[in-house]
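> model-v1.pdb is reproduced in full below (PDB, C-alpha atoms).
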ATOM      1  CA  MET A   1     100.466 181.037 -34.139
ATOM      2  CA  ALA A   2      99.689 183.480 -31.319
ATOM      3  CA  SER A   3      96.240 184.153 -32.807
ATOM      4  CA  THR A   4      95.529 180.427 -32.735
ATOM      5  CA  VAL A   5      96.538 179.721 -29.163
ATOM      6  CA  GLY A   6      95.989 183.195 -27.740
ATOM      7  CA  ALA A   7      98.390 185.853 -26.536
ATOM      8  CA  PRO A   8     100.628 185.114 -23.536
ATOM      9  CA  GLY A   9      98.785 185.583 -20.251
ATOM     10  CA  THR A  10      95.304 185.166 -21.747
ATOM     11  CA  PRO A  11      92.852 182.465 -20.609
ATOM     12  CA  ARG A  12      92.875 181.042 -24.132
ATOM     13  CA  ARG A  13      96.628 180.556 -23.990
ATOM     14  CA  TYR A  14      96.365 179.038 -20.523
ATOM     15  CA  PHE A  15      93.729 176.468 -21.519
ATOM     16  CA  HIS A  16      95.650 175.640 -24.683
ATOM     17  CA  SER A  17      98.750 174.914 -22.583
ATOM     18  CA  LEU A  18      96.661 172.963 -20.077
ATOM     19  CA  TRP A  19      95.258 170.789 -22.847
ATOM     20  CA  LEU A  20      98.707 170.174 -24.354
ATOM     21  CA  LEU A  21     100.225 169.164 -21.010
ATOM     22  CA  SER A  22      97.284 166.900 -20.146
ATOM     23  CA  GLY A  23      97.460 165.317 -23.597
ATOM     24  CA  ARG A  24     101.168 164.722 -23.098
ATOM     25  CA  ASP A  25     100.490 162.917 -19.814
ATOM     26  CA  LEU A  26      97.928 160.650 -21.465
ATOM     27  CA  LYS A  27     100.183 159.882 -24.433
ATOM     28  CA  VAL A  28     103.079 158.969 -22.157
ATOM     29  CA  ARG A  29     100.828 156.753 -20.032
ATOM     30  CA  TYR A  30      99.269 154.879 -22.951
ATOM     31  CA  SER A  31     102.037 154.832 -25.573
ATOM     32  CA  THR A  32     104.611 153.286 -23.225
ATOM     33  CA  SER A  33     102.277 150.513 -22.031
ATOM     34  CA  ALA A  34     101.275 147.379 -23.895
ATOM     35  CA  LEU A  35      97.839 147.379 -22.260
ATOM     36  CA  GLY A  36      97.322 151.116 -22.741
ATOM     37  CA  TYR A  37      93.691 152.060 -22.121
ATOM     38  CA  LEU A  38      93.020 148.866 -20.165
ATOM     39  CA  TRP A  39      95.027 150.226 -17.236
ATOM     40  CA  SER A  40      92.262 152.803 -16.731
ATOM     41  CA  VAL A  41      89.817 150.020 -15.897
ATOM     42  CA  LEU A  42      91.921 147.137 -14.558
ATOM     43  CA  ASP A  43      92.619 148.705 -11.161
ATOM     44  CA  PRO A  44      88.992 149.440 -10.206
ATOM     45  CA  LEU A  45      87.855 146.147 -11.744
ATOM     46  CA  VAL A  46      90.320 144.087  -9.729
ATOM     47  CA  MET A  47      89.515 146.009  -6.540
ATOM     48  CA  SER A  48      85.772 145.598  -7.142
ATOM     49  CA  GLY A  49      86.203 141.884  -7.778
ATOM     50  CA  ILE A  50      88.169 141.387  -4.569
ATOM     51  CA  TYR A  51      85.714 143.283  -2.354
ATOM     52  CA  TRP A  52      82.712 141.705  -4.069
ATOM     53  CA  PHE A  53      84.145 138.235  -3.400
ATOM     54  CA  VAL A  54      85.072 139.009   0.209
ATOM     55  CA  PHE A  55      81.743 140.593   1.141
ATOM     56  CA  THR A  56      79.438 138.292  -0.819
ATOM     57  CA  ARG A  57      81.204 134.923  -0.806
ATOM     58  CA  VAL A  58      83.515 134.870   2.241
ATOM     59  CA  PHE A  59      81.611 137.006   4.748
ATOM     60  CA  GLU A  60      77.934 137.763   5.056
ATOM     61  CA  ARG A  61      77.544 141.277   3.712
ATOM     62  CA  THR A  62      75.681 143.740   5.914
ATOM     63  CA  VAL A  63      76.662 146.961   4.122
ATOM     64  CA  GLY A  64      75.920 148.545   0.774
ATOM     65  CA  GLU A  65      73.054 147.897  -1.614
ATOM     66  CA  GLN A  66      72.138 145.407  -4.303
ATOM     67  CA  PRO A  67      73.556 144.797  -6.858
ATOM     68  CA  TYR A  68      76.699 145.142  -4.770
ATOM     69  CA  ILE A  69      79.183 145.006  -7.668
ATOM     70  CA  ILE A  70      77.609 148.120  -9.208
ATOM     71  CA  PHE A  71      77.445 149.748  -5.787
ATOM     72  CA  LEU A  72      81.210 149.187  -5.488
ATOM     73  CA  ILE A  73      82.243 150.259  -8.985
ATOM     74  CA  THR A  74      80.205 153.472  -8.837
ATOM     75  CA  ALA A  75      82.432 154.685  -5.997
ATOM     76  CA  LEU A  76      85.687 152.931  -6.915
ATOM     77  CA  LEU A  77      85.992 154.619 -10.316
ATOM     78  CA  PRO A  78      85.964 158.178  -8.874
ATOM     79  CA  TRP A  79      88.173 156.992  -6.008
ATOM     80  CA  VAL A  80      90.823 155.883  -8.508
ATOM     81  CA  TRP A  81      90.679 159.386 -10.030
ATOM     82  CA  PHE A  82      91.039 160.968  -6.594
ATOM     83  CA  ASN A  83      93.788 158.638  -5.395
ATOM     84  CA  ALA A  84      95.864 158.866  -8.578
ATOM     85  CA  ALA A  85      95.572 162.655  -8.757
ATOM     86  CA  VAL A  86      96.544 163.266  -5.127
ATOM     87  CA  GLY A  87      99.447 160.837  -5.486
ATOM     88  CA  ASP A  88     100.705 162.759  -8.523
ATOM     89  CA  PHE A  89     100.302 166.099  -6.715
ATOM     90  CA  THR A  90     103.154 165.099  -4.406
ATOM     91  CA  ARG A  91     105.522 165.045  -7.412
ATOM     92  CA  ALA A  92     103.878 167.766  -9.504
ATOM     93  CA  PHE A  93     106.779 170.245  -9.350
ATOM     94  CA  LYS A  94     109.774 167.956  -8.856
ATOM     95  CA  LYS A  95     108.895 165.790 -11.847
ATOM     96  CA  ASP A  96     109.075 168.734 -14.287
ATOM     97  CA  ALA A  97     111.261 171.105 -12.265
ATOM     98  CA  ARG A  98     113.068 172.512 -15.297
ATOM     99  CA  LEU A  99     109.826 173.339 -17.127
ATOM    100  CA  VAL A 100     108.252 174.770 -13.980
ATOM    101  CA  ARG A 101     111.187 177.175 -13.584
ATOM    102  CA  SER A 102     111.560 178.144 -17.234
ATOM    103  CA  THR A 103     107.985 178.546 -18.510
ATOM    104  CA  ALA A 104     106.021 181.772 -18.179
ATOM    105  CA  ILE A 105     102.618 180.118 -17.795
ATOM    106  CA  PRO A 106     101.011 180.178 -14.331
ATOM    107  CA  ARG A 107     102.501 177.437 -12.154
ATOM    108  CA  ALA A 108      99.060 176.285 -11.042
ATOM    109  CA  ILE A 109      98.814 174.615 -14.445
ATOM    110  CA  TRP A 110     101.068 171.810 -13.141
ATOM    111  CA  VAL A 111      98.337 170.950 -10.673
ATOM    112  CA  ASN A 112      95.396 171.476 -13.001
ATOM    113  CA  ARG A 113      96.862 169.293 -15.760
ATOM    114  CA  ILE A 114      96.939 166.374 -13.305
ATOM    115  CA  VAL A 115      93.282 166.926 -12.394
ATOM    116  CA  LEU A 116      92.354 167.102 -16.079
ATOM    117  CA  SER A 117      94.397 164.119 -17.305
ATOM    118  CA  LYS A 118      93.248 161.873 -14.448
ATOM    119  CA  GLY A 119      89.698 163.137 -14.969
ATOM    120  CA  ILE A 120      89.860 162.101 -18.625
ATOM    121  CA  GLU A 121      91.040 158.648 -17.541
ATOM    122  CA  PHE A 122      88.030 158.530 -15.212
ATOM    123  CA  LEU A 123      85.755 159.290 -18.166
ATOM    124  CA  PHE A 124      87.510 156.555 -20.161
ATOM    125  CA  SER A 125      86.654 154.068 -17.414
ATOM    126  CA  LEU A 126      82.914 154.836 -17.319
ATOM    127  CA  PRO A 127      82.048 152.374 -20.143
ATOM    128  CA  VAL A 128      82.940 149.606 -17.683
ATOM    129  CA  LEU A 129      80.238 150.843 -15.302
ATOM    130  CA  ALA A 130      77.787 151.072 -18.217
ATOM    131  CA  ILE A 131      78.543 147.472 -19.227
ATOM    132  CA  PHE A 132      77.842 146.193 -15.724
ATOM    133  CA  VAL A 133      74.606 148.184 -15.508
ATOM    134  CA  VAL A 134      73.312 146.990 -18.902
ATOM    135  CA  THR A 135      74.326 143.382 -18.170
ATOM    136  CA  ASN A 136      72.525 143.474 -14.839
ATOM    137  CA  ILE A 137      69.354 144.846 -16.413
ATOM    138  CA  LEU A 138      69.400 142.219 -19.177
ATOM    139  CA  ILE A 139      70.145 139.061 -17.184
ATOM    140  CA  GLU A 140      68.911 139.717 -13.619
ATOM    141  CA  THR A 141      65.434 138.300 -12.959
ATOM    142  CA  ASP A 142      65.095 139.211  -9.283
ATOM    143  CA  PRO A 143      63.696 142.782  -9.005
ATOM    144  CA  GLU A 144      65.499 143.278  -5.676
ATOM    145  CA  HIS A 145      68.834 142.661  -7.396
ATOM    146  CA  THR A 146      68.106 144.646 -10.558
ATOM    147  CA  VAL A 147      69.641 148.094 -10.806
ATOM    148  CA  GLN A 148      67.271 150.987 -11.462
ATOM    149  CA  VAL A 149      68.509 153.906 -13.565
ATOM    150  CA  GLY A 150      66.693 156.988 -12.255
ATOM    151  CA  TRP A 151      66.738 160.766 -12.493
ATOM    152  CA  GLY A 152      69.788 160.766 -10.226
ATOM    153  CA  ILE A 153      71.950 160.065 -13.256
ATOM    154  CA  LEU A 154      71.632 163.793 -14.013
ATOM    155  CA  LEU A 155      73.702 164.433 -10.881
ATOM    156  CA  PHE A 156      76.662 162.436 -12.212
ATOM    157  CA  PRO A 157      78.234 165.477 -13.964
ATOM    158  CA  VAL A 158      77.608 167.562 -10.839
ATOM    159  CA  ALA A 159      79.526 165.008  -8.779
ATOM    160  CA  ALA A 160      82.424 165.036 -11.273
ATOM    161  CA  LEU A 161      82.557 168.836 -11.265
ATOM    162  CA  LEU A 162      82.492 168.975  -7.461
ATOM    163  CA  GLN A 163      85.260 166.381  -7.297
ATOM    164  CA  ALA A 164      87.347 168.433  -9.734
ATOM    165  CA  VAL A 165      86.933 171.498  -7.492
ATOM    166  CA  LEU A 166      88.042 169.472  -4.468
ATOM    167  CA  LEU A 167      91.049 168.050  -6.334
ATOM    168  CA  VAL A 168      92.225 171.441  -7.588
ATOM    169  CA  GLY A 169      92.080 172.780  -4.034
ATOM    170  CA  LEU A 170      93.969 169.778  -2.649
ATOM    171  CA  GLY A 171      96.513 169.995  -5.453
ATOM    172  CA  LEU A 172      97.251 173.639  -4.723
ATOM    173  CA  LEU A 173      97.822 172.618  -1.097
ATOM    174  CA  VAL A 174      99.737 169.374  -1.532
ATOM    175  CA  ALA A 175     102.000 170.217  -4.485
ATOM    176  CA  PRO A 176     103.909 173.190  -2.986
ATOM    177  CA  LEU A 177     104.091 171.645   0.495
ATOM    178  CA  CYS A 178     105.537 168.383  -0.850
ATOM    179  CA  ALA A 179     108.052 170.350  -2.929
ATOM    180  CA  LEU A 180     109.294 171.996   0.266
ATOM    181  CA  TYR A 181     108.971 169.070   2.680
ATOM    182  CA  THR A 182     109.980 165.718   1.186
ATOM    183  CA  ASP A 183     108.531 163.602   4.009
ATOM    184  CA  LEU A 184     105.035 164.800   3.143
ATOM    185  CA  GLU A 185     105.064 162.595   0.028
ATOM    186  CA  ARG A 186     105.114 159.422   2.135
ATOM    187  CA  THR A 187     102.735 160.962   4.662
ATOM    188  CA  THR A 188     100.239 161.652   1.882
ATOM    189  CA  ALA A 189     100.434 158.024   0.750
ATOM    190  CA  LEU A 190      99.609 156.852   4.271
ATOM    191  CA  ILE A 191      96.720 159.301   4.551
ATOM    192  CA  LEU A 192      95.301 158.090   1.238
ATOM    193  CA  ARG A 193      95.464 154.492   2.432
ATOM    194  CA  ALA A 194      93.523 155.348   5.586
ATOM    195  CA  LEU A 195      91.112 157.612   3.709
ATOM    196  CA  PHE A 196      90.037 154.726   1.479
ATOM    197  CA  TYR A 197      88.489 152.959   4.474
ATOM    198  CA  ALA A 198      87.199 156.210   5.990
ATOM    199  CA  THR A 199      85.295 156.989   2.781
ATOM    200  CA  PRO A 200      81.939 155.351   1.897
ATOM    201  CA  ILE A 201      83.234 153.087  -0.886
ATOM    202  CA  ILE A 202      82.708 149.517   0.305
ATOM    203  CA  TYR A 203      79.852 150.773   2.459
ATOM    204  CA  SER A 204      77.439 153.713   2.426
ATOM    205  CA  VAL A 205      76.912 156.573   4.853
ATOM    206  CA  ASN A 206      73.668 154.867   5.872
ATOM    207  CA  ASP A 207      75.705 151.952   7.260
ATOM    208  CA  LEU A 208      77.668 154.107   9.708
ATOM    209  CA  PRO A 209      76.430 153.932  13.313
ATOM    210  CA  GLY A 210      75.498 156.948  15.410
ATOM    211  CA  ALA A 211      78.293 159.454  15.878
ATOM    212  CA  PHE A 212      80.361 157.964  13.037
ATOM    213  CA  GLN A 213      77.665 159.016  10.578
ATOM    214  CA  THR A 214      78.024 162.576  11.829
ATOM    215  CA  LEU A 215      81.813 162.390  11.583
ATOM    216  CA  GLY A 216      81.477 160.953   8.093
ATOM    217  CA  MET A 217      79.793 164.142   6.938
ATOM    218  CA  PHE A 218      83.117 165.970   7.324
ATOM    219  CA  ASN A 219      84.663 163.812   4.618
ATOM    220  CA  PRO A 220      84.019 165.810   1.412
ATOM    221  CA  LEU A 221      84.169 162.621  -0.662
ATOM    222  CA  ALA A 222      81.158 161.191   1.183
ATOM    223  CA  GLY A 223      78.661 163.612  -0.358
ATOM    224  CA  ILE A 224      80.362 163.478  -3.759
ATOM    225  CA  PHE A 225      80.206 159.675  -3.889
ATOM    226  CA  SER A 226      76.567 159.730  -2.797
ATOM    227  CA  LEU A 227      75.873 161.921  -5.844
ATOM    228  CA  TYR A 228      77.523 159.377  -8.126
ATOM    229  CA  ARG A 229      75.472 156.562  -6.597
ATOM    230  CA  MET A 230      72.228 158.502  -6.944
ATOM    231  CA  ALA A 231      72.169 157.398 -10.598
ATOM    232  CA  PHE A 232      71.335 153.839  -9.498
ATOM    233  CA  PHE A 233      70.600 153.953  -5.767
ATOM    234  CA  PRO A 234      68.095 156.713  -4.857
ATOM    235  CA  ASP A 235      68.396 155.865  -1.153
ATOM    236  CA  GLN A 236      71.875 157.396  -1.271
ATOM    237  CA  TRP A 237      70.420 160.907  -1.540
ATOM    238  CA  HIS A 238      71.473 163.012   1.468
ATOM    239  CA  PRO A 239      70.975 166.761   0.843
ATOM    240  CA  GLU A 240      72.806 167.811   4.004
ATOM    241  CA  LEU A 241      75.733 165.529   3.172
ATOM    242  CA  VAL A 242      76.000 166.943  -0.353
ATOM    243  CA  ALA A 243      75.767 170.508   0.962
ATOM    244  CA  MET A 244      78.565 169.810   3.451
ATOM    245  CA  SER A 245      80.747 168.279   0.723
ATOM    246  CA  ALA A 246      80.176 171.256  -1.579
ATOM    247  CA  ALA A 247      80.982 173.747   1.189
ATOM    248  CA  MET A 248      84.144 171.870   2.184
ATOM    249  CA  SER A 249      85.287 171.466  -1.436
ATOM    250  CA  PHE A 250      85.083 175.197  -2.123
ATOM    251  CA  ALA A 251      86.633 175.998   1.272
ATOM    252  CA  ILE A 252      89.575 173.705   0.439
ATOM    253  CA  LEU A 253      89.842 175.389  -2.971
ATOM    254  CA  ALA A 254      90.015 178.834  -1.343
ATOM    255  CA  LEU A 255      92.611 177.608   1.179
ATOM    256  CA  GLY A 256      94.606 175.976  -1.604
ATOM    257  CA  ILE A 257      94.701 179.175  -3.655
ATOM    258  CA  TRP A 258      95.925 181.164  -0.633
ATOM    259  CA  VAL A 259      98.616 178.620   0.297
ATOM    260  CA  PHE A 260      99.780 178.275  -3.305
ATOM    261  CA  ARG A 261     100.148 182.016  -3.778
ATOM    262  CA  SER A 262     101.991 182.309  -0.459
ATOM    263  CA  LEU A 263     104.494 179.542  -1.244
ATOM    264  CA  GLU A 264     104.936 179.872  -5.021
ATOM    265  CA  ARG A 265     108.131 181.962  -4.911
ATOM    266  CA  THR A 266     109.636 179.839  -2.161
ATOM    267  CA  VAL A 267     108.964 176.681  -4.183
ATOM    268  CA  LEU A 268     110.610 178.133  -7.292
ATOM    269  CA  LYS A 269     113.743 178.899  -5.289
ATOM    270  CA  GLU A 270     113.767 175.365  -3.900
ATOM    271  CA  LEU A 271     113.477 173.604  -7.274
TER     272      LEU A 271
END
Show this structure as C-alpha cells.

Amino acid sequence: MASTVGAPGTPRRYFHSLWLLSGRDLKVRYSTSALGYLWSVLDPLVMSGIYWFVFTRVFERTVGEQPYIIFLITALLPWVWFNAAVGDFTRAFKKDARLVRSTAIPRAIWVNRIVLSKGIEFLFSLPVLAIFVVTNILIETDPEHTVQVGWGILLFPVAALLQAVLLVGLGLLVAPLCALYTDLERTTALILRALFYATPIIYSVNDLPGAFQTLGMFNPLAGIFSLYRMAFFPDQWHPELVAMSAAMSFAILALGIWVFRSLERTVLKEL
C-alpha cells in the first residue's frame, strides 16, 4: 500500500491524502443533497438572474458590457469559489479537530483540500457559462450584443491558477487565526459581504471613477476577474492590474505561510 500512495512525508503521499480529503468533501456535499451537482450552479445562476433583472429591467444600466448576463456569470462563478472557500477556512480546523490533532500529514492540507474541493466545484459550474455563451452566439442577431470568443480564453486557466494561489495564502492566514479567535469567523463573513461590492463583479474596473480605479487595483480579485473576462470581453485587459493582482497574491501566500508556521503549534494546543 505504501508503494501505491507513497511513503509518509513524501509529496506523493501528501497529494494522495489531499485528493482523498477533497473527494470526501465533494461526496458529502453531493450525496446528502437531493439536488447534488445543481447546487454548484444554482447560487451563481440565481445571483446573475437577480442582478441582470435589476440592472437591465428596473434601472438603466451604465456599467459592465454586453451581453450583460455573460459579463455577470464570468465573474460570479469564480466569486462563488472564493466566497465558499474563505467561508470554510474559518472552520477548517474546528470542523475536523480530532483528525487535525491525530494525523501525521502536514496541517496545511486542511486548507488546501478546501481550495481544491471548491475549485473542482467551480470547474463543475463552467458548463453553465458555456451554455450561455453558445446560446448567445446562436440566437443573438445584433452584433453589439453578441459575445466574441477571443484569444483571451487562453488566460482562463491562468486566472484559475492565480486565484488558487491567492486562496491558499488566505487560507493559511484565516484558518489558524479563526481557530484562536472565535469572533474572527463572523468578522470574515462581514468582510466577504463588503468585498462582493468592492470587487468588479456587477461592474468592471473601467466603470470606477478617478481615484476609486486606483484603489481598485489593490483588490487582488480585480485583476484575476479581468483575466476571466478576457475570454469574451477584450476591453477588460489591464496588464498593470493583472501584475498587481499577481504580486499581491504571491505576497499573501508568503505571508500566509509565515503566519501558519508561527501559529501551528499554538493552534494544535487550542483544539
> Using only C-alpha atoms, tabulate the residues of segment 225-261 of chain A lying at most 6 Å from any atom of segment 155-175 of chain A, each with its closest atom pair and that distance in Å to one decimal, by chain and increasing residue number, as a Markdown table.

| residue | atom | partner | partner_atom | distance |
| --- | --- | --- | --- | --- |
| A:Leu227 | CA | A:Ala159 | CA | 5.6 |
| A:Tyr228 | CA | A:Phe156 | CA | 5.2 |
| A:Ser249 | CA | A:Leu166 | CA | 4.6 |
| A:Ile252 | CA | A:Gly169 | CA | 5.2 |
| A:Leu253 | CA | A:Gly169 | CA | 3.6 |
| A:Gly256 | CA | A:Leu173 | CA | 4.7 |
| A:Phe260 | CA | A:Leu172 | CA | 5.5 |
> Residues at most 10 Å from Ile202 of chain A, counting only C-alpha atoms, excluding those fewer than 2 positions away in the same chain, as a list in words?
Ser48, Tyr51, Trp52, Phe55, Val63, Gly64, Glu65, Tyr68, Ile69, Phe71, Leu72, Ile73, Ala75, Leu76, Phe196, Tyr197, Ala198, Thr199, Pro200 and Ser204 of chain A
> Tell me which of A:Leu38, A:Val115, A:Met217, A:Leu190 sits closest to Ala246 of chain A, counting all atoms listed in the file.
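So, comparing all the options, the nearest one is A:Met217.
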> With all atoms listed in the file as the counted atoms, please give the residues lying no more than 10 Å from Ala85 of chain A, apart from itself and same-chain residues fewer than 5 positions off, as an MDAnalysis selection string.
chainID A and resid 79:80 90 92 111:119 167:168 170:171
> Counting all atoms listed in the file, which of A:Leu180, A:Ala231, A:Leu241, A:Leu255 gets nearest to Gln213 of chain A?
A:Leu241
> Please return the centre and edge lengths, in Å to one decimal, of a box with edges along x, y and z that contains all listed atoms of segment 244-251 of chain A, widened by 5 Å on every side, as JSON.

{"center_x": 82.6, "center_y": 172.1, "center_z": 0.7, "size_x": 18.1, "size_y": 17.7, "size_z": 15.6}
